[in-house]
Structure formats: structure tokens, C-alpha cells
Amino acid sequence: IPEQLQDGLIYRVKEYISQNLEGDLNRETIAGQVFLNAAYLSRLFHKETGEKLSDYILRLRMERAKRLLKDSEKTISEVAASTGYSNLQHFSSQFKKKIGVSPRDFRLQIKRGDKS
């Protein structure tokens with residue numbers, strides 16, 4: 001695939017991901033949006049961005065989760081659902097693994113920080 005087309009594909013993939021973070025994002029679904037084989041899309045995405053597709057999705061989901069925990073009154077369950085997690089425990093463990101604290105503790109730290 002020519003480089004200009006690759007850039008456009010990666011842009012479309014990133015747009016699709018950011019617009020569908022609350023949904024079930026898997027490489028097959030994403031690949032279908034740009035009419036590519038899923039394994040090829042994964043390799044191309046990694047080659048072009050330096051980041052695995054799954055890591056990119058996780059990073060965006062955690063960035064959104066942090067923003068929602070900080071700037072909204074949504075419950076942690078609602079934040080989980082808004083970032084594509086139907087299982088609260090799975091969301092909490094992914095958040096803690098990536099951010100270093102639980103979603104609840106993250107929100108408490110933010111609230112304490114805002115008061116001082």
C-alpha cells in the first residue's frame with residue numbers, strides 16, 4: 001500500500017476508535033471498517049505508529065476514563081461503560097494496572113488535589 005494511503009488508513013482507524021471507545025472494539029471490527037485483513041491491519045498500525053493496536057485502544061480508553069473521573073459526576077460503573085467495559089472488575093483492574101491506582105482512589109486523589 002502506498003504511504004499516502006497508509007496515512008489515510010491509519011487516520012481513519014484512529015477516528016473510528018475514538019468515536020467508538022464505548023463499544024466492543026476488536027481488530028476484526030476495526031479492520032472491516034477499512035476493508036483490510038485484521039492481522040495485516042495490526043502489523044500496519046504498529047509499523048506506522050510504533051504502538052500496538054490493542055495498546056492504543058487501551059491508552060485512549062484510560063485517558064477518557066481519567067477525564068470522566070475527574071470532570072464528571074458519573075459513577076465508576078458509568079465511566080466503565082463509557083469506555084467500553086461491561087465488567088466493572090475488569091475495568092478497575094485494567095485502570096489500576098495502567099494508571100497505578102484504582103478508579104475510586106484516582107477520583108479521591110483528584111478531589112483532594114482540587115481542595116488544596
# chains A, B, ... in the order shown; residues from 1 in each chain; ligands from 1
call {"tool": "residues_around", "arguments": {"residues": "range 77-88 of chain A", "least_positions_apart": "3", "cutoff": "7 Å", "atoms": "only C-alpha atoms", "output": "MDAnalysis selection string"}}
result
chainID A and resid 21:24 61 64:65 68 74 91:92
call {"tool": "select_by_dssp", "arguments": {"residues": "range 8-116 of chain A", "states": "helix (DSSP H, G or I)", "output": "count of residues only"}}
result
82
call {"tool": "residues_around", "arguments": {"residues": "Leu108 in chain A", "least_positions_apart": "4", "cutoff": "12 Å", "atoms": "only C-alpha atoms", "output": "PyMOL selection string"}}
result
chain A and resi 66+69-70+76+101-104+112-115
call {"tool": "write_last_selection", "arguments": {"atoms": "all heavy atoms", "output": "CSV table (one decimal), in the first residue's frame"}}
result
chain,number,residue,atom,x,y,z
A,66,LYS,N,-10.0,8.6,32.8
A,66,LYS,CA,-9.4,9.6,33.7
A,66,LYS,C,-10.1,11.0,33.6
A,66,LYS,O,-10.5,11.6,34.6
A,66,LYS,CB,-7.9,9.8,33.5
A,66,LYS,CG,-7.0,8.7,34.0
A,66,LYS,CD,-5.6,8.7,33.5
A,66,LYS,CE,-4.9,10.1,33.4
A,66,LYS,NZ,-3.5,9.9,33.0
A,69,LEU,N,-13.6,10.6,35.2
A,69,LEU,CA,-13.5,10.5,36.7
A,69,LEU,C,-13.2,11.9,37.3
A,69,LEU,O,-13.7,12.2,38.3
A,69,LEU,CB,-12.4,9.5,37.1
A,69,LEU,CG,-12.7,8.0,36.9
A,69,LEU,CD1,-11.5,7.2,37.0
A,69,LEU,CD2,-13.8,7.6,37.8
A,70,LYS,N,-12.5,12.7,36.5
A,70,LYS,CA,-12.1,14.0,37.0
A,70,LYS,C,-13.2,15.0,36.8
A,70,LYS,O,-13.5,15.8,37.7
A,70,LYS,CB,-10.8,14.4,36.3
A,70,LYS,CG,-10.2,15.8,36.7
A,70,LYS,CD,-8.9,16.0,36.0
A,70,LYS,CE,-8.4,17.4,36.3
A,70,LYS,NZ,-8.4,18.3,35.2
A,76,ILE,N,-18.5,5.2,38.9
A,76,ILE,CA,-17.4,4.4,38.3
A,76,ILE,C,-17.9,3.3,37.3
A,76,ILE,O,-17.4,3.1,36.2
A,76,ILE,CB,-16.5,3.8,39.4
A,76,ILE,CG1,-15.8,4.9,40.1
A,76,ILE,CG2,-15.5,2.8,38.8
A,76,ILE,CD1,-15.0,4.5,41.3
A,101,VAL,N,-3.4,3.3,40.3
A,101,VAL,CA,-4.4,3.3,41.4
A,101,VAL,C,-5.7,2.9,40.9
A,101,VAL,O,-6.0,3.0,39.7
A,101,VAL,CB,-4.5,4.8,42.1
A,101,VAL,CG1,-3.2,5.2,42.7
A,101,VAL,CG2,-4.9,5.8,41.0
A,102,SER,N,-6.6,2.6,41.8
A,102,SER,CA,-8.0,2.2,41.4
A,102,SER,C,-8.7,3.4,40.9
A,102,SER,O,-8.3,4.6,41.3
A,102,SER,CB,-8.7,1.6,42.6
A,102,SER,OG,-9.0,2.6,43.5
A,103,PRO,N,-9.8,3.2,40.1
A,103,PRO,CA,-10.6,4.4,39.7
A,103,PRO,C,-11.1,5.2,40.9
A,103,PRO,O,-11.1,6.4,40.8
A,103,PRO,CB,-11.7,3.8,38.9
A,103,PRO,CG,-11.2,2.4,38.5
A,103,PRO,CD,-10.3,2.0,39.5
A,104,ARG,N,-11.5,4.5,41.9
A,104,ARG,CA,-12.0,5.2,43.1
A,104,ARG,C,-10.9,6.1,43.8
A,104,ARG,O,-11.1,7.2,44.1
A,104,ARG,CB,-12.6,4.2,44.1
A,104,ARG,CG,-13.2,4.8,45.4
A,104,ARG,CD,-13.7,3.6,46.3
A,104,ARG,NE,-14.0,4.2,47.6
A,104,ARG,CZ,-13.2,4.4,48.5
A,104,ARG,NH1,-11.9,4.1,48.3
A,104,ARG,NH2,-13.5,4.9,49.7
A,112,ARG,N,-9.2,15.6,46.4
A,112,ARG,CA,-8.3,16.2,47.4
A,112,ARG,C,-7.4,17.2,46.8
A,112,ARG,O,-7.2,18.3,47.5
A,112,ARG,CB,-7.4,15.1,48.1
A,112,ARG,CG,-8.2,14.3,49.1
A,112,ARG,CD,-7.2,13.5,50.0
A,112,ARG,NE,-6.4,12.6,49.3
A,112,ARG,CZ,-6.7,11.3,49.1
A,112,ARG,NH1,-7.8,10.8,49.6
A,112,ARG,NH2,-5.9,10.5,48.4
A,113,GLY,N,-6.9,17.0,45.6
A,113,GLY,CA,-6.0,17.9,45.0
A,113,GLY,C,-6.7,19.2,44.6
A,113,GLY,O,-6.1,20.3,44.7
A,114,ASP,N,-8.0,19.1,44.3
A,114,ASP,CA,-8.8,20.3,43.9
A,114,ASP,C,-9.0,21.2,45.1
A,114,ASP,O,-9.2,22.4,45.0
A,114,ASP,CB,-10.1,19.9,43.3
A,114,ASP,CG,-10.0,19.3,41.9
A,114,ASP,OD1,-8.9,19.5,41.3
A,114,ASP,OD2,-10.9,18.8,41.4
A,115,LYS,N,-9.1,20.6,46.3
A,115,LYS,CA,-9.4,21.4,47.5
A,115,LYS,C,-8.2,22.1,48.0
A,115,LYS,O,-8.4,23.1,48.7
A,115,LYS,CB,-9.9,20.4,48.6
A,115,LYS,CG,-11.3,19.9,48.3
A,115,LYS,CD,-11.8,18.9,49.3
A,115,LYS,CE,-13.2,18.4,49.0
A,115,LYS,NZ,-13.6,17.3,49.8
call {"tool": "closest_residue", "arguments": {"among": "A:Ser54, A:Glu48, A:Lys14, A:Asn20", "to": "Val34 in chain A", "atoms": "only C-alpha atoms"}}
result
A:Lys14
call {"tool": "residues_around", "arguments": {"residues": "range 26-33 of chain A", "least_positions_apart": "6", "cutoff": "8 Å", "atoms": "only C-alpha atoms", "output": "list in words"}}
result
Val13, Tyr16, Ile17, Ala39, Leu41, Ser42 and Leu53 of chain A
call {"tool": "write_last_selection", "arguments": {"atoms": "N, CA and C atoms", "output": "PDB file, in the first residue's frame"}}
result
ATOM      1  N   VAL A  13      -8.631   4.707  10.958  1.00  0.00           N
ATOM      2  CA  VAL A  13      -8.680   3.741  12.059  1.00  0.00           C
ATOM      3  C   VAL A  13      -8.727   4.484  13.396  1.00  0.00           C
ATOM      4  N   TYR A  16     -12.132   6.087  13.854  1.00  0.00           N
ATOM      5  CA  TYR A  16     -13.143   5.083  14.195  1.00  0.00           C
ATOM      6  C   TYR A  16     -13.018   4.672  15.661  1.00  0.00           C
ATOM      7  N   ILE A  17     -11.794   4.444  16.110  1.00  0.00           N
ATOM      8  CA  ILE A  17     -11.564   4.038  17.503  1.00  0.00           C
ATOM      9  C   ILE A  17     -12.053   5.131  18.448  1.00  0.00           C
ATOM     10  N   ALA A  39      -5.100  -9.145  10.744  1.00  0.00           N
ATOM     11  CA  ALA A  39      -3.679  -9.322  11.087  1.00  0.00           C
ATOM     12  C   ALA A  39      -2.820  -8.288  10.354  1.00  0.00           C
ATOM     13  N   LEU A  41      -3.838  -5.319   9.304  1.00  0.00           N
ATOM     14  CA  LEU A  41      -4.096  -4.018   9.928  1.00  0.00           C
ATOM     15  C   LEU A  41      -3.259  -3.863  11.204  1.00  0.00           C
ATOM     16  N   SER A  42      -3.202  -4.900  12.013  1.00  0.00           N
ATOM     17  CA  SER A  42      -2.415  -4.840  13.253  1.00  0.00           C
ATOM     18  C   SER A  42      -0.947  -4.544  12.959  1.00  0.00           C
ATOM     19  N   LEU A  53      -2.074  -1.961  18.257  1.00  0.00           N
ATOM     20  CA  LEU A  53      -3.468  -1.525  18.166  1.00  0.00           C
ATOM     21  C   LEU A  53      -4.170  -1.666  19.518  1.00  0.00           C
TER      22      LEU A  53
END
call {"tool": "atom_distance", "arguments": {"atom1": "CA of Lys98 in chain A", "atom2": "CA of Tyr40 in chain A"}}
result
26.6 Å
call {"tool": "closest_residue", "arguments": {"among": "A:Gly50, A:Phe95, A:Glu3, A:Phe35", "to": "Glu63 in chain A", "atoms": "only C-alpha atoms"}}
result
A:Phe95
call {"tool": "atom_distance", "arguments": {"atom1": "CA of Lys97 in chain A", "atom2": "CA of Tyr56 in chain A"}}
result
15.1 Å
call {"tool": "closest_residue", "arguments": {"among": "A:Gly100, A:Thr49, A:Ala38, A:Arg107", "to": "Thr75 in chain A", "atoms": "only C-alpha atoms"}}
result
A:Arg107
call {"tool": "atom_distance", "arguments": {"atom1": "CA of Glu15 in chain A", "atom2": "CA of Lys96 in chain A"}}
result
26.1 Å
call {"tool": "decode", "arguments": {"residues": "range 28-111 of chain A", "atoms": "C-alpha atoms", "output": "PDB file, in the first residue's frame"}}
result
ATOM      1  CA  GLU A  28     -11.660  -7.646  13.219  1.00  0.00           C
ATOM      2  CA  THR A  29     -14.346  -4.958  13.575  1.00  0.00           C
ATOM      3  CA  ILE A  30     -11.842  -2.170  13.004  1.00  0.00           C
ATOM      4  CA  ALA A  31     -10.284  -3.945  10.012  1.00  0.00           C
ATOM      5  CA  GLY A  32     -13.745  -4.324   8.499  1.00  0.00           C
ATOM      6  CA  GLN A  33     -14.165  -0.549   8.613  1.00  0.00           C
ATOM      7  CA  VAL A  34     -11.126  -0.071   6.364  1.00  0.00           C
ATOM      8  CA  PHE A  35     -11.545  -3.280   4.336  1.00  0.00           C
ATOM      9  CA  LEU A  36      -8.312  -4.912   5.480  1.00  0.00           C
ATOM     10  CA  ASN A  37      -7.354  -8.254   6.926  1.00  0.00           C
ATOM     11  CA  ALA A  38      -7.208  -7.941  10.738  1.00  0.00           C
ATOM     12  CA  ALA A  39      -3.679  -9.322  11.087  1.00  0.00           C
ATOM     13  CA  TYR A  40      -2.428  -7.031   8.323  1.00  0.00           C
ATOM     14  CA  LEU A  41      -4.096  -4.018   9.928  1.00  0.00           C
ATOM     15  CA  SER A  42      -2.415  -4.840  13.253  1.00  0.00           C
ATOM     16  CA  ARG A  43       1.016  -5.033  11.617  1.00  0.00           C
ATOM     17  CA  LEU A  44       0.439  -1.870   9.585  1.00  0.00           C
ATOM     18  CA  PHE A  45      -0.811   0.081  12.616  1.00  0.00           C
ATOM     19  CA  HIS A  46       2.198  -0.980  14.682  1.00  0.00           C
ATOM     20  CA  LYS A  47       4.614  -0.174  11.867  1.00  0.00           C
ATOM     21  CA  GLU A  48       3.113   3.279  11.263  1.00  0.00           C
ATOM     22  CA  THR A  49       2.516   4.361  14.877  1.00  0.00           C
ATOM     23  CA  GLY A  50       5.039   2.334  16.881  1.00  0.00           C
ATOM     24  CA  GLU A  51       2.168   1.231  19.117  1.00  0.00           C
ATOM     25  CA  LYS A  52       0.171  -1.986  19.129  1.00  0.00           C
ATOM     26  CA  LEU A  53      -3.468  -1.525  18.166  1.00  0.00           C
ATOM     27  CA  SER A  54      -4.642  -3.011  21.466  1.00  0.00           C
ATOM     28  CA  ASP A  55      -2.286  -0.741  23.452  1.00  0.00           C
ATOM     29  CA  TYR A  56      -3.567   2.286  21.543  1.00  0.00           C
ATOM     30  CA  ILE A  57      -7.201   1.397  22.335  1.00  0.00           C
ATOM     31  CA  LEU A  58      -6.360   0.784  25.999  1.00  0.00           C
ATOM     32  CA  ARG A  59      -4.468   4.100  26.244  1.00  0.00           C
ATOM     33  CA  LEU A  60      -7.386   6.052  24.748  1.00  0.00           C
ATOM     34  CA  ARG A  61      -9.886   4.295  26.988  1.00  0.00           C
ATOM     35  CA  MET A  62      -7.831   5.070  30.088  1.00  0.00           C
ATOM     36  CA  GLU A  63      -7.379   8.711  29.036  1.00  0.00           C
ATOM     37  CA  ARG A  64     -11.148   9.018  28.634  1.00  0.00           C
ATOM     38  CA  ALA A  65     -11.734   7.241  31.949  1.00  0.00           C
ATOM     39  CA  LYS A  66      -9.386   9.644  33.742  1.00  0.00           C
ATOM     40  CA  ARG A  67     -11.131  12.635  32.160  1.00  0.00           C
ATOM     41  CA  LEU A  68     -14.578  11.325  33.124  1.00  0.00           C
ATOM     42  CA  LEU A  69     -13.500  10.505  36.677  1.00  0.00           C
ATOM     43  CA  LYS A  70     -12.059  13.997  37.010  1.00  0.00           C
ATOM     44  CA  ASP A  71     -14.629  16.114  35.178  1.00  0.00           C
ATOM     45  CA  SER A  72     -17.957  14.321  35.581  1.00  0.00           C
ATOM     46  CA  GLU A  73     -20.198  13.037  38.322  1.00  0.00           C
ATOM     47  CA  LYS A  74     -20.631   9.678  36.570  1.00  0.00           C
ATOM     48  CA  THR A  75     -20.359   6.643  38.804  1.00  0.00           C
ATOM     49  CA  ILE A  76     -17.376   4.375  38.268  1.00  0.00           C
ATOM     50  CA  SER A  77     -19.749   1.860  36.639  1.00  0.00           C
ATOM     51  CA  GLU A  78     -20.923   4.554  34.222  1.00  0.00           C
ATOM     52  CA  VAL A  79     -17.315   5.520  33.473  1.00  0.00           C
ATOM     53  CA  ALA A  80     -16.521   1.852  32.802  1.00  0.00           C
ATOM     54  CA  ALA A  81     -19.473   1.585  30.385  1.00  0.00           C
ATOM     55  CA  SER A  82     -18.486   4.866  28.690  1.00  0.00           C
ATOM     56  CA  THR A  83     -15.066   3.431  27.974  1.00  0.00           C
ATOM     57  CA  GLY A  84     -16.192   0.092  26.574  1.00  0.00           C
ATOM     58  CA  TYR A  85     -16.141  -2.095  29.684  1.00  0.00           C
ATOM     59  CA  SER A  86     -19.258  -4.067  30.586  1.00  0.00           C
ATOM     60  CA  ASN A  87     -17.443  -5.687  33.512  1.00  0.00           C
ATOM     61  CA  LEU A  88     -16.627  -3.277  36.344  1.00  0.00           C
ATOM     62  CA  GLN A  89     -13.963  -5.536  37.870  1.00  0.00           C
ATOM     63  CA  HIS A  90     -12.170  -5.854  34.553  1.00  0.00           C
ATOM     64  CA  PHE A  91     -12.275  -2.079  34.077  1.00  0.00           C
ATOM     65  CA  SER A  92     -10.953  -1.479  37.602  1.00  0.00           C
ATOM     66  CA  SER A  93      -8.098  -3.955  37.200  1.00  0.00           C
ATOM     67  CA  GLN A  94      -7.114  -2.530  33.785  1.00  0.00           C
ATOM     68  CA  PHE A  95      -7.263   1.008  35.185  1.00  0.00           C
ATOM     69  CA  LYS A  96      -5.151   0.108  38.201  1.00  0.00           C
ATOM     70  CA  LYS A  97      -2.618  -1.757  36.045  1.00  0.00           C
ATOM     71  CA  LYS A  98      -2.283   1.182  33.627  1.00  0.00           C
ATOM     72  CA  ILE A  99      -2.685   4.196  35.967  1.00  0.00           C
ATOM     73  CA  GLY A 100      -1.314   2.753  39.200  1.00  0.00           C
ATOM     74  CA  VAL A 101      -4.356   3.335  41.420  1.00  0.00           C
ATOM     75  CA  SER A 102      -7.971   2.186  41.385  1.00  0.00           C
ATOM     76  CA  PRO A 103     -10.563   4.402  39.680  1.00  0.00           C
ATOM     77  CA  ARG A 104     -12.027   5.229  43.109  1.00  0.00           C
ATOM     78  CA  ASP A 105      -8.641   6.214  44.539  1.00  0.00           C
ATOM     79  CA  PHE A 106      -7.857   8.224  41.396  1.00  0.00           C
ATOM     80  CA  ARG A 107     -11.066  10.220  41.857  1.00  0.00           C
ATOM     81  CA  LEU A 108     -10.357  10.738  45.563  1.00  0.00           C
ATOM     82  CA  GLN A 109      -6.835  11.987  44.803  1.00  0.00           C
ATOM     83  CA  ILE A 110      -8.232  14.442  42.239  1.00  0.00           C
ATOM     84  CA  LYS A 111     -10.877  15.707  44.668  1.00  0.00           C
TER      85      LYS A 111
END
